[in-house]
$ cat protein.txt   # compact mmCIF, C-alpha atoms and all ligand atoms
# COMPACT_ATOMS: atom_id res chain seq x y z
CA MET A 1 -57.20 -163.34 -10.33
CA GLU A 2 -60.90 -163.69 -11.20
CA VAL A 3 -61.98 -164.45 -7.68
CA SER A 4 -65.47 -163.01 -8.21
CA LEU A 5 -66.48 -166.26 -9.92
CA TYR A 6 -66.56 -167.99 -6.54
CA ARG A 7 -68.23 -167.43 -3.17
CA PHE A 8 -65.96 -166.53 -0.25
CA MET A 9 -66.61 -167.18 3.41
CA PRO A 10 -63.77 -165.55 5.31
CA GLY A 11 -62.79 -166.84 8.72
CA ILE A 12 -60.55 -165.75 11.59
CA TYR A 13 -58.12 -168.09 13.33
CA ILE A 14 -56.80 -167.12 16.77
CA HIS A 15 -53.71 -168.99 17.98
CA ILE A 16 -53.37 -169.42 21.75
CA PRO A 17 -49.71 -170.43 22.23
CA PHE A 18 -49.84 -172.09 25.64
CA CYS A 19 -50.14 -175.66 26.92
CA LYS A 20 -50.02 -177.01 30.45
CA GLN A 21 -47.53 -179.67 29.41
CA ALA A 22 -45.83 -180.80 26.22
CA CYS A 23 -47.21 -183.93 24.56
CA HIS A 24 -44.34 -186.15 23.40
CA TYR A 25 -45.33 -186.01 19.72
CA CYS A 26 -46.27 -182.36 19.27
CA ASP A 27 -44.34 -179.79 17.25
CA PHE A 28 -46.97 -177.04 17.20
CA HIS A 29 -46.00 -173.65 18.54
CA PHE A 30 -46.74 -173.36 22.28
CA SER A 31 -45.09 -172.49 25.56
CA THR A 32 -45.66 -174.23 28.89
CA ASN A 33 -44.85 -170.98 30.70
CA LEU A 34 -48.28 -169.44 31.18
CA GLU A 35 -46.97 -166.27 32.86
CA ASN A 36 -47.26 -164.21 29.66
CA ARG A 37 -50.85 -165.19 28.99
CA GLY A 38 -52.33 -161.79 29.84
CA ALA A 39 -49.71 -160.00 27.73
CA ILE A 40 -50.33 -162.31 24.76
CA VAL A 41 -54.08 -161.70 24.99
CA ARG A 42 -53.45 -157.93 24.93
CA ALA A 43 -51.18 -158.39 21.90
CA LEU A 44 -53.86 -160.47 20.13
CA LEU A 45 -56.35 -157.64 20.65
CA GLU A 46 -53.84 -155.20 19.18
CA GLU A 47 -53.19 -157.45 16.19
CA LEU A 48 -56.91 -157.87 15.48
CA VAL A 49 -57.29 -154.10 15.30
CA LEU A 50 -54.16 -153.64 13.16
CA GLN A 51 -55.47 -156.30 10.75
CA ARG A 52 -58.99 -154.86 10.51
CA ASP A 53 -58.75 -154.42 6.71
CA TYR A 54 -57.17 -157.79 5.90
CA LEU A 55 -60.46 -159.42 4.90
CA GLY A 56 -61.60 -156.41 2.88
CA GLY A 57 -64.66 -155.73 5.01
CA GLU A 58 -66.28 -159.05 4.07
CA GLU A 59 -68.52 -160.74 6.60
CA VAL A 60 -66.72 -163.22 8.86
CA ASN A 61 -68.47 -166.58 8.95
CA THR A 62 -66.20 -168.63 11.18
CA LEU A 63 -64.02 -168.01 14.22
CA TYR A 64 -61.59 -170.65 15.40
CA PHE A 65 -59.54 -170.69 18.61
CA GLY A 66 -56.66 -173.11 18.05
CA GLY A 67 -53.32 -173.75 19.63
CA GLY A 68 -51.64 -174.68 21.81
CA THR A 69 -54.57 -175.07 24.14
CA PRO A 70 -57.20 -172.32 23.92
CA SER A 71 -59.08 -173.84 26.85
CA VAL A 72 -56.36 -172.47 29.17
CA LEU A 73 -57.91 -169.02 28.61
CA THR A 74 -60.12 -167.67 31.36
CA PRO A 75 -63.72 -166.80 30.43
CA GLY A 76 -62.78 -163.12 30.86
CA GLU A 77 -59.89 -163.40 28.36
CA LEU A 78 -62.10 -165.19 25.88
CA ASP A 79 -64.76 -162.49 26.25
CA GLN A 80 -62.19 -159.77 25.61
CA ILE A 81 -61.02 -161.43 22.38
CA LEU A 82 -64.54 -162.09 21.09
CA ASP A 83 -65.61 -158.58 21.99
CA THR A 84 -62.71 -157.11 19.98
CA VAL A 85 -63.45 -159.39 17.02
CA HIS A 86 -67.08 -158.25 16.99
CA LYS A 87 -66.17 -154.56 17.32
CA THR A 88 -63.53 -154.80 14.55
CA PHE A 89 -65.08 -157.08 11.90
CA PRO A 90 -68.60 -157.62 10.56
CA VAL A 91 -69.41 -161.07 11.99
CA ASN A 92 -72.32 -163.18 10.80
CA PRO A 93 -74.65 -163.63 13.81
CA LEU A 94 -74.81 -167.35 12.93
CA ALA A 95 -71.02 -167.72 12.68
CA GLU A 96 -69.47 -171.03 13.67
CA VAL A 97 -67.29 -170.32 16.73
CA THR A 98 -64.98 -173.23 17.57
CA LEU A 99 -62.70 -173.67 20.53
CA GLU A 100 -60.08 -176.42 20.70
CA ALA A 101 -60.03 -177.78 24.23
CA ASN A 102 -58.34 -180.42 26.31
CA PRO A 103 -60.55 -182.59 28.55
CA ASP A 104 -58.70 -181.65 31.73
CA ASP A 105 -59.72 -177.98 31.26
CA LEU A 106 -63.41 -178.71 30.73
CA SER A 107 -65.08 -178.63 34.14
CA ARG A 108 -68.83 -178.17 34.04
CA GLU A 109 -68.40 -174.53 35.19
CA LYS A 110 -65.87 -173.87 32.45
CA LEU A 111 -68.17 -175.43 29.85
CA LYS A 112 -71.03 -173.19 30.97
CA SER A 113 -68.87 -170.10 30.70
CA LEU A 114 -67.71 -171.12 27.22
CA ARG A 115 -71.33 -171.40 26.10
CA GLN A 116 -72.12 -168.01 27.61
CA ALA A 117 -69.13 -166.47 25.82
CA GLY A 118 -70.59 -167.62 22.47
CA ILE A 119 -68.56 -170.75 21.70
CA ASN A 120 -70.94 -173.01 19.72
CA ARG A 121 -68.55 -175.77 18.63
CA LEU A 122 -66.00 -177.70 20.70
CA SER A 123 -63.07 -179.63 19.28
CA VAL A 124 -61.85 -181.84 22.10
CA GLY A 125 -58.39 -183.39 22.12
CA ILE A 126 -59.28 -186.87 23.35
CA GLN A 127 -56.61 -188.70 21.26
CA SER A 128 -57.21 -192.11 22.93
CA PHE A 129 -59.42 -193.79 25.50
CA ASP A 130 -56.60 -196.03 26.67
CA ASP A 131 -54.87 -194.73 29.82
CA ALA A 132 -51.56 -196.45 29.01
CA VAL A 133 -51.55 -194.85 25.54
CA LEU A 134 -52.46 -191.42 26.98
CA LYS A 135 -49.55 -191.74 29.42
CA PHE A 136 -47.19 -192.79 26.61
CA LEU A 137 -48.27 -189.71 24.60
CA HIS A 138 -47.79 -187.56 27.75
CA ARG A 139 -51.33 -186.23 27.66
CA ALA A 140 -52.58 -184.34 30.73
CA HIS A 141 -55.87 -186.25 31.07
CA ASP A 142 -57.09 -189.82 31.43
CA ALA A 143 -59.97 -191.60 29.72
CA ALA A 144 -62.43 -191.08 32.60
CA VAL A 145 -61.92 -187.30 32.43
CA ALA A 146 -62.44 -187.41 28.65
CA ARG A 147 -65.76 -189.30 28.96
CA GLN A 148 -66.98 -187.01 31.73
CA CYS A 149 -66.24 -183.76 29.90
CA ILE A 150 -68.16 -184.83 26.79
CA SER A 151 -71.18 -185.84 28.84
CA ASP A 152 -70.98 -182.50 30.72
CA ALA A 153 -70.65 -180.60 27.44
CA TYR A 154 -73.95 -182.07 26.21
CA GLU A 155 -75.59 -181.34 29.54
CA VAL A 156 -74.70 -177.66 29.43
CA GLY A 157 -76.11 -177.44 25.91
CA PHE A 158 -73.33 -177.96 23.34
CA GLN A 159 -74.75 -179.55 20.20
CA ASN A 160 -71.73 -179.55 17.93
CA ILE A 161 -68.80 -181.52 19.32
CA SER A 162 -65.76 -182.87 17.51
CA LEU A 163 -63.37 -185.44 18.99
CA ASP A 164 -59.72 -185.83 17.99
CA LEU A 165 -58.26 -189.33 17.83
CA ILE A 166 -54.69 -190.38 16.97
CA TYR A 167 -53.77 -193.56 15.13
CA ALA A 168 -50.45 -195.09 14.02
CA ILE A 169 -49.21 -194.99 17.61
CA PRO A 170 -46.08 -197.15 18.01
CA ASP A 171 -46.83 -200.52 19.63
CA GLN A 172 -50.56 -199.80 19.82
CA ASP A 173 -52.52 -202.99 19.45
CA GLU A 174 -55.06 -202.99 16.60
CA VAL A 175 -57.69 -204.01 19.15
CA VAL A 176 -56.99 -200.86 21.19
CA TRP A 177 -57.57 -198.74 18.07
CA GLU A 178 -60.86 -200.50 17.33
CA ARG A 179 -61.94 -200.04 20.96
CA ASN A 180 -61.09 -196.33 20.73
CA ILE A 181 -63.36 -195.93 17.74
CA GLU A 182 -66.24 -197.70 19.51
CA GLU A 183 -65.73 -195.55 22.63
CA ALA A 184 -65.74 -192.40 20.53
CA LEU A 185 -69.00 -193.42 18.85
CA ARG A 186 -70.62 -194.18 22.22
CA LEU A 187 -70.10 -190.50 23.14
CA LYS A 188 -72.21 -189.52 20.09
CA PRO A 189 -70.04 -186.74 18.61
CA GLN A 190 -71.14 -184.94 15.46
CA HIS A 191 -67.60 -184.85 14.09
CA ILE A 192 -64.35 -186.80 14.44
CA SER A 193 -60.88 -185.71 13.34
CA SER A 194 -58.25 -188.39 13.24
CA TYR A 195 -54.55 -187.89 12.68
CA SER A 196 -51.77 -190.29 11.95
CA LEU A 197 -49.02 -189.86 14.52
CA THR A 198 -45.95 -188.55 12.76
CA ILE A 199 -42.59 -188.54 14.46
CA GLU A 200 -41.25 -184.97 14.29
CA GLU A 201 -37.57 -184.36 14.84
CA LYS A 202 -37.77 -181.72 17.59
CA THR A 203 -40.10 -183.65 19.88
CA THR A 204 -39.54 -186.20 22.64
CA PHE A 205 -40.64 -188.95 20.25
CA GLY A 206 -38.23 -187.59 17.63
CA ARG A 207 -35.36 -187.83 20.11
CA TRP A 208 -36.42 -191.33 21.16
CA ALA A 209 -36.60 -192.42 17.51
CA ALA A 210 -33.10 -190.99 16.85
CA LYS A 211 -31.77 -193.12 19.72
CA GLY A 212 -33.60 -196.21 18.45
CA LYS A 213 -35.95 -196.25 21.46
CA LEU A 214 -39.06 -195.87 19.31
CA THR A 215 -39.96 -197.23 15.89
CA PRO A 216 -42.51 -195.34 13.78
CA VAL A 217 -45.49 -197.34 12.53
CA ALA A 218 -45.13 -198.50 8.91
CA ASP A 219 -47.16 -196.58 6.31
CA ASP A 220 -49.24 -199.59 5.30
CA THR A 221 -50.19 -200.27 8.96
CA ALA A 222 -51.17 -196.61 9.36
CA GLY A 223 -53.17 -196.79 6.12
CA HIS A 224 -54.93 -199.94 7.34
CA GLN A 225 -55.88 -198.24 10.63
CA LEU A 226 -57.30 -195.29 8.70
CA LEU A 227 -59.37 -197.63 6.53
CA VAL A 228 -60.70 -199.42 9.65
CA LEU A 229 -61.81 -196.00 10.91
CA VAL A 230 -63.35 -194.97 7.58
CA ASP A 231 -65.38 -198.20 7.35
CA ARG A 232 -66.61 -198.08 10.93
CA LEU A 233 -67.55 -194.39 10.79
CA GLU A 234 -69.31 -194.81 7.46
CA ARG A 235 -71.45 -197.54 9.01
CA ALA A 236 -72.27 -195.09 11.82
CA GLY A 237 -73.47 -192.47 9.30
CA PHE A 238 -70.34 -190.30 9.08
CA GLU A 239 -68.93 -188.98 5.83
CA GLN A 240 -65.16 -188.78 5.27
CA TYR A 241 -65.34 -185.27 3.84
CA GLU A 242 -61.58 -184.80 4.14
CA VAL A 243 -58.86 -187.44 4.54
CA SER A 244 -58.67 -186.88 8.32
CA ASN A 245 -62.16 -185.49 8.99
CA PHE A 246 -65.54 -187.17 9.38
CA SER A 247 -68.93 -185.66 10.07
CA LEU A 248 -72.58 -186.48 10.43
CA PRO A 249 -74.69 -184.70 7.78
CA GLY A 250 -74.64 -180.93 8.33
CA PHE A 251 -71.72 -180.97 10.78
CA GLN A 252 -68.67 -180.45 8.58
CA SER A 253 -66.24 -177.97 10.12
CA LYS A 254 -67.08 -174.77 8.26
CA HIS A 255 -63.83 -173.16 9.32
CA ASN A 256 -61.52 -175.93 8.15
CA SER A 257 -63.61 -176.45 5.02
CA SER A 258 -62.95 -172.83 4.11
CA TYR A 259 -59.19 -173.57 4.14
CA TRP A 260 -59.75 -176.55 1.88
CA ARG A 261 -61.85 -174.41 -0.47
CA SER A 262 -58.97 -171.89 -0.73
CA GLU A 263 -61.03 -169.15 0.89
CA LYS A 264 -59.57 -166.13 2.65
CA TYR A 265 -58.74 -166.19 6.33
CA LEU A 266 -56.97 -164.05 8.85
CA GLY A 267 -54.79 -165.76 11.45
CA VAL A 268 -53.69 -163.84 14.53
CA GLY A 269 -51.24 -164.85 17.26
CA PRO A 270 -47.73 -166.28 17.24
CA SER A 271 -47.20 -168.78 14.37
CA ALA A 272 -50.64 -168.06 12.82
CA HIS A 273 -50.96 -167.93 9.03
CA SER A 274 -53.22 -165.77 6.90
CA TYR A 275 -54.32 -166.01 3.28
CA ASP A 276 -55.95 -163.30 1.19
CA GLY A 277 -56.30 -165.09 -2.14
CA ALA A 278 -53.03 -163.75 -3.54
CA SER A 279 -50.50 -164.09 -0.71
CA ARG A 280 -49.81 -165.94 2.51
CA GLN A 281 -48.63 -164.29 5.66
CA PHE A 282 -46.77 -166.16 8.43
CA ASN A 283 -46.52 -164.72 11.94
CA VAL A 284 -43.34 -165.33 13.91
CA SER A 285 -43.38 -168.57 15.96
CA ASN A 286 -41.94 -167.03 19.09
CA ASN A 287 -44.00 -165.53 21.93
CA ALA A 288 -41.35 -162.99 23.03
CA PHE A 289 -40.73 -161.65 19.49
CA TYR A 290 -44.47 -161.54 18.89
CA LEU A 291 -45.09 -159.56 22.08
CA LYS A 292 -42.31 -157.08 21.38
CA ALA A 293 -43.55 -156.41 17.86
CA LEU A 294 -47.15 -155.85 18.92
CA GLN A 295 -46.01 -153.56 21.73
CA GLU A 296 -44.47 -151.51 18.91
CA ARG A 297 -47.72 -151.85 16.93
CA ARG A 298 -45.99 -153.96 14.25
CA ILE A 299 -47.18 -157.28 12.84
CA PRO A 300 -44.23 -159.69 12.95
CA ALA A 301 -45.03 -161.53 9.74
CA THR A 302 -43.32 -162.61 6.57
CA ILE A 303 -45.34 -162.38 3.39
CA GLU A 304 -45.12 -164.79 0.50
CA VAL A 305 -46.77 -163.60 -2.70
CA LEU A 306 -48.15 -166.68 -4.40
CA THR A 307 -47.23 -167.36 -7.99
CA ARG A 308 -49.77 -168.86 -10.36
CA GLU A 309 -48.03 -172.23 -9.83
CA ASP A 310 -48.24 -171.89 -6.01
CA GLN A 311 -51.96 -171.12 -6.20
CA ILE A 312 -52.71 -174.09 -8.44
CA ASN A 313 -50.56 -176.45 -6.35
CA ASP A 314 -52.12 -175.27 -3.06
CA TYR A 315 -55.57 -175.77 -4.55
CA LEU A 316 -54.64 -179.29 -5.68
CA LEU A 317 -53.08 -180.25 -2.35
CA THR A 318 -56.09 -179.20 -0.32
CA THR A 319 -59.00 -180.14 -2.57
CA LEU A 320 -57.73 -183.60 -3.54
CA ARG A 321 -58.05 -184.55 0.14
CA THR A 322 -61.76 -183.63 0.20
CA SER A 323 -64.99 -185.35 -0.77
CA TRP A 324 -65.95 -182.46 -3.09
CA GLY A 325 -62.72 -182.94 -4.99
CA THR A 326 -60.75 -180.81 -7.43
CA ASP A 327 -62.71 -178.73 -9.89
CA LEU A 328 -60.64 -178.82 -13.07
CA ALA A 329 -62.94 -176.22 -14.67
CA ARG A 330 -62.13 -173.87 -11.79
CA ILE A 331 -58.39 -174.31 -12.42
CA LEU A 332 -58.98 -173.52 -16.09
CA ASN A 333 -61.20 -170.49 -15.36
CA LEU A 334 -59.09 -168.97 -12.60
CA TRP A 335 -55.58 -169.74 -13.78
CA GLY A 336 -55.92 -170.68 -17.44
CA TYR A 337 -54.37 -174.11 -16.90
CA ASP A 338 -55.88 -177.22 -18.49
CA LEU A 339 -54.74 -179.81 -15.96
CA LEU A 340 -56.75 -182.58 -17.62
CA ALA A 341 -55.02 -182.07 -20.95
CA ALA A 342 -51.61 -181.89 -19.24
CA HIS A 343 -52.10 -185.15 -17.27
CA GLU A 344 -54.65 -187.09 -19.29
CA GLY A 345 -52.76 -190.40 -19.11
CA TYR A 346 -52.01 -190.15 -15.38
CA ILE A 347 -55.60 -189.18 -14.49
CA GLY A 348 -56.94 -191.94 -16.74
CA ALA A 349 -54.78 -194.47 -14.86
CA LEU A 350 -56.02 -193.16 -11.48
CA VAL A 351 -59.61 -193.73 -12.62
CA GLU A 352 -58.82 -197.14 -14.10
CA ASN A 353 -57.13 -198.51 -10.98
CA GLY A 354 -59.93 -197.29 -8.69
CA HIS A 355 -58.08 -194.40 -7.05
CA ALA A 356 -60.23 -191.62 -8.52
CA LEU A 357 -63.50 -190.68 -10.19
CA LEU A 358 -63.77 -188.05 -12.90
CA GLU A 359 -67.25 -186.58 -13.41
CA SER A 360 -68.14 -183.22 -15.02
CA ARG A 361 -64.47 -182.18 -14.87
CA VAL A 362 -64.33 -182.75 -11.11
CA LEU A 363 -61.63 -185.15 -9.91
CA ARG A 364 -62.47 -186.98 -6.68
CA LEU A 365 -60.31 -189.54 -4.94
CA THR A 366 -61.88 -192.78 -3.74
CA LYS A 367 -61.38 -194.21 -0.25
CA ASN A 368 -58.18 -195.97 -1.37
CA GLY A 369 -57.08 -193.00 -3.46
CA LYS A 370 -57.34 -190.73 -0.41
CA LEU A 371 -54.60 -192.79 1.27
CA LEU A 372 -52.31 -191.48 -1.48
CA ALA A 373 -53.77 -187.97 -1.71
CA ASP A 374 -50.56 -186.03 -1.01
CA LYS A 375 -48.52 -188.15 -3.43
CA ILE A 376 -51.14 -187.79 -6.18
CA ALA A 377 -51.28 -184.02 -5.63
CA SER A 378 -47.51 -183.72 -5.93
CA ASP A 379 -47.54 -185.83 -9.11
CA LEU A 380 -49.98 -183.29 -10.58
CA PHE A 381 -48.12 -180.20 -9.36
CA LEU A 382 -47.36 -177.51 -11.88
CA LEU A 383 -43.63 -176.84 -11.81
CA THR A 384 -42.26 -173.30 -11.84
CA PRO A 385 -41.05 -172.55 -15.37
S1 LIG A 401 -50.95 -181.81 21.27
FE1 LIG A 401 -52.13 -180.02 21.89
S2 LIG A 401 -52.02 -180.07 24.16
FE2 LIG A 401 -50.38 -181.40 23.42
S3 LIG A 401 -48.59 -180.07 23.34
FE3 LIG A 401 -49.53 -180.05 21.30
S4 LIG A 401 -50.86 -178.30 21.26
FE4 LIG A 401 -50.37 -178.73 23.43
$ encode --input "protein.txt" --output "structure tokens" --more "lines below"
Ligand code: SF4
Amino acid sequence: MEVSLYRFMPGIYIHIPFCKQACHYCDFHFSTNLENRGAIVRALLEELVLQRDYLGGEEVNTLYFGGGTPSVLTPGELDQILDTVHKTFPVNPLAEVTLEANPDDLSREKLKSLRQAGINRLSVGIQSFDDAVLKFLHRAHDAAVARQCISDAYEVGFQNISLDLIYAIPDQDEVVWERNIEEALRLKPQHISSYSLTIEEKTTFGRWAAKGKLTPVADDTAGHQLLVLVDRLERAGFEQYEVSNFSLPGFQSKHNSSYWRSEKYLGVGPSAHSYDGASRQFNVSNNAFYLKALQERRIPATIEVLTREDQINDYLLTTLRTSWGTDLARILNLWGYDLLAAHEGYIGALVENGHALLESRVLRLTKNGKLLADKIASDLFLLTP
């Protein structure tokens, strides 16, 4: 693959697989048994060292603690991980270092210690400012705690804060959603991520839905709520740079953007994924198996070598969701595939009905087109011969 044509900004993702309690909608990998936390941190350190060559010695530009709930880590544990990262990889001194956090973990003392440890970006799981909705979702905090932690975060010196909000919540009044957006803006974040609530089978909501106790929100209602958000945030100066992500100028998430630009990253921890440009690696989603493997100095991962079709389809799926769009010249240069010639009629129709723009061989979806991004990507997928 002629990767040298493009600039790479590798990142490292660190998965912290613990949460204080399970939210009713969540199917991420986590455990509510925090007893193994120390052992998992030691295993993460081991994995970082074992994976020291994964990024080929390139400078690391972003670090991201995700989960689970990374804010359950003590300052000492966080220091240990960051220290090992810095001793093992060349890290850009100006690297973006993000920590996902829940409001109930963010006391003023904790916030100060996070700053001292080198965290320079917070991604806070607010989800809603309505206490009844937070209770329904089984979140561990209430709206007052959420407001307080953001104000404290600014006071201790954070200048790059992202808030998570959830829409398409069953039975949520449209007015509650609009109020949530206004409340979020009053806290003056630099970035907002907003996710449509999906009902996953192995969650409490999934079980309720199977018994008919909960009805998922219809797609067009969810789409309308996303458009309400897009319009309001645009008026407040935010750009929708990815379907679910909005930022003030200069505050795009560098880490997540690197995923959407198909750049390399190393993921460590149970359930973490890695990508080196030619293959993906998936760590086991089980804390006990993960621990045992790392105690034996093994990385418990399956590797999927990407075919040319996989690489093109992954690129389509991620870039079509972004404001920078899909570079058809890049697809031609890297993989020798003329997507425009193969789908001229379909792409022409997208442009004609206002779902896309095509300029200088870059395909960009419009606001309405972004609502259909995943469907459009799959329509353009290259099938395995
Ligand atoms: S939404 Fe976040 S805090 Fe809630 S269970 Fe999932 S990972 Fe944990």
$ residues_near_ligand --input "protein.txt" --ligand "ligand LIG 401 (chain A)" --cutoff "6 Å" --atoms "only C-alpha atoms and all ligand atoms" --output "PDB file with C-alpha atoms, in the coordinates of the input"
ATOM      1  CA  CYS A  19     -50.140-175.660  26.920  1.00  0.00           C
ATOM      2  CA  ALA A  22     -45.830-180.800  26.220  1.00  0.00           C
ATOM      3  CA  CYS A  23     -47.210-183.930  24.560  1.00  0.00           C
ATOM      4  CA  CYS A  26     -46.270-182.360  19.270  1.00  0.00           C
ATOM      5  CA  PHE A  28     -46.970-177.040  17.200  1.00  0.00           C
ATOM      6  CA  GLY A  67     -53.320-173.750  19.630  1.00  0.00           C
ATOM      7  CA  GLY A  68     -51.640-174.680  21.810  1.00  0.00           C
ATOM      8  CA  THR A  69     -54.570-175.070  24.140  1.00  0.00           C
TER       9      THR A  69
END
$ atom_distance --input "protein.txt" --atom1 "CA of Pro170 in chain A" --atom2 "CA of Phe18 in chain A"
26.5 Å
$ atom_distance --input "protein.txt" --atom1 "CA of Arg207 in chain A" --atom2 "CA of Asp171 in chain A"
17.1 Å
$ residues_around --input "protein.txt" --residues "Glu46 in chain A" --least-positions-apart "3" --cutoff "8 Å" --atoms "all atoms listed in the file" --output "list in words"
Arg42, Ala43, Val49, Leu50, Leu294 and Arg297 of chain A
$ closest_residue --input "protein.txt" --among "A:Leu187, A:Leu382, A:Ile181, A:Leu44" --to "Arg232 in chain A" --atoms "all atoms listed in the file"
A:Ile181
$ atom_distance --input "protein.txt" --atom1 "CA of Gly57 in chain A" --atom2 "CA of Pro10 in chain A"
9.9 Å
$ closest_residue --input "protein.txt" --among "A:Gly212, A:Gly345, A:Pro385, A:Gly125" --to "Glu309 in chain A" --atoms "only C-alpha atoms"
A:Pro385
$ closest_residue --input "protein.txt" --among "A:Asn256, A:Ser31, A:Thr384, A:Asn286" --to "Thr307 in chain A" --atoms "only C-alpha atoms"
A:Thr384
$ residues_around --input "protein.txt" --residues "range 287-290 of chain A" --least-positions-apart "3" --cutoff "12 Å" --atoms "all atoms listed in the file" --output "JSON, numbers by chain"
{"A": [15, 16, 17, 18, 29, 30, 31, 32, 33, 34, 35, 36, 37, 39, 40, 41, 42, 43, 44, 46, 47, 68, 268, 269, 270, 271, 272, 282, 283, 284, 293, 294, 295, 296, 297, 298, 299, 300, 301]}
$ closest_residue --input "protein.txt" --among "A:Val133, A:Glu304, A:Asn353, A:Leu317" --to "Gln172 in chain A" --atoms "all atoms listed in the file"
A:Val133
$ closest_residue --input "protein.txt" --among "A:Glu100, A:Glu201, A:Asp27, A:Asp79" --to "Leu163 in chain A" --atoms "all atoms listed in the file"
A:Glu100
$ residues_near_point --input "protein.txt" --point "(-59.0, -171.7, 18.7)" --cutoff "12 Å" --atoms "only C-alpha atoms" --output "ChimeraX atom specification"
/A:11-18,62-73,78,81-82,96-102,119,121-124,255-256,267-269,272
$ axis_aligned_box --input "protein.txt" --around "range 142-156 of chain A" --padding-each-side "5 Å" --output "AutoDock Vina command-line options"
--center_x -66.3 --center_y -184.6 --center_z 29.4 --size_x 28.5 --size_y 23.9 --size_z 16.4
$ closest_residue --input "protein.txt" --among "A:Gly354, A:Gly38, A:Pro75, A:Gly56" --to "Asp276 in chain A" --atoms "all atoms listed in the file"
A:Gly56
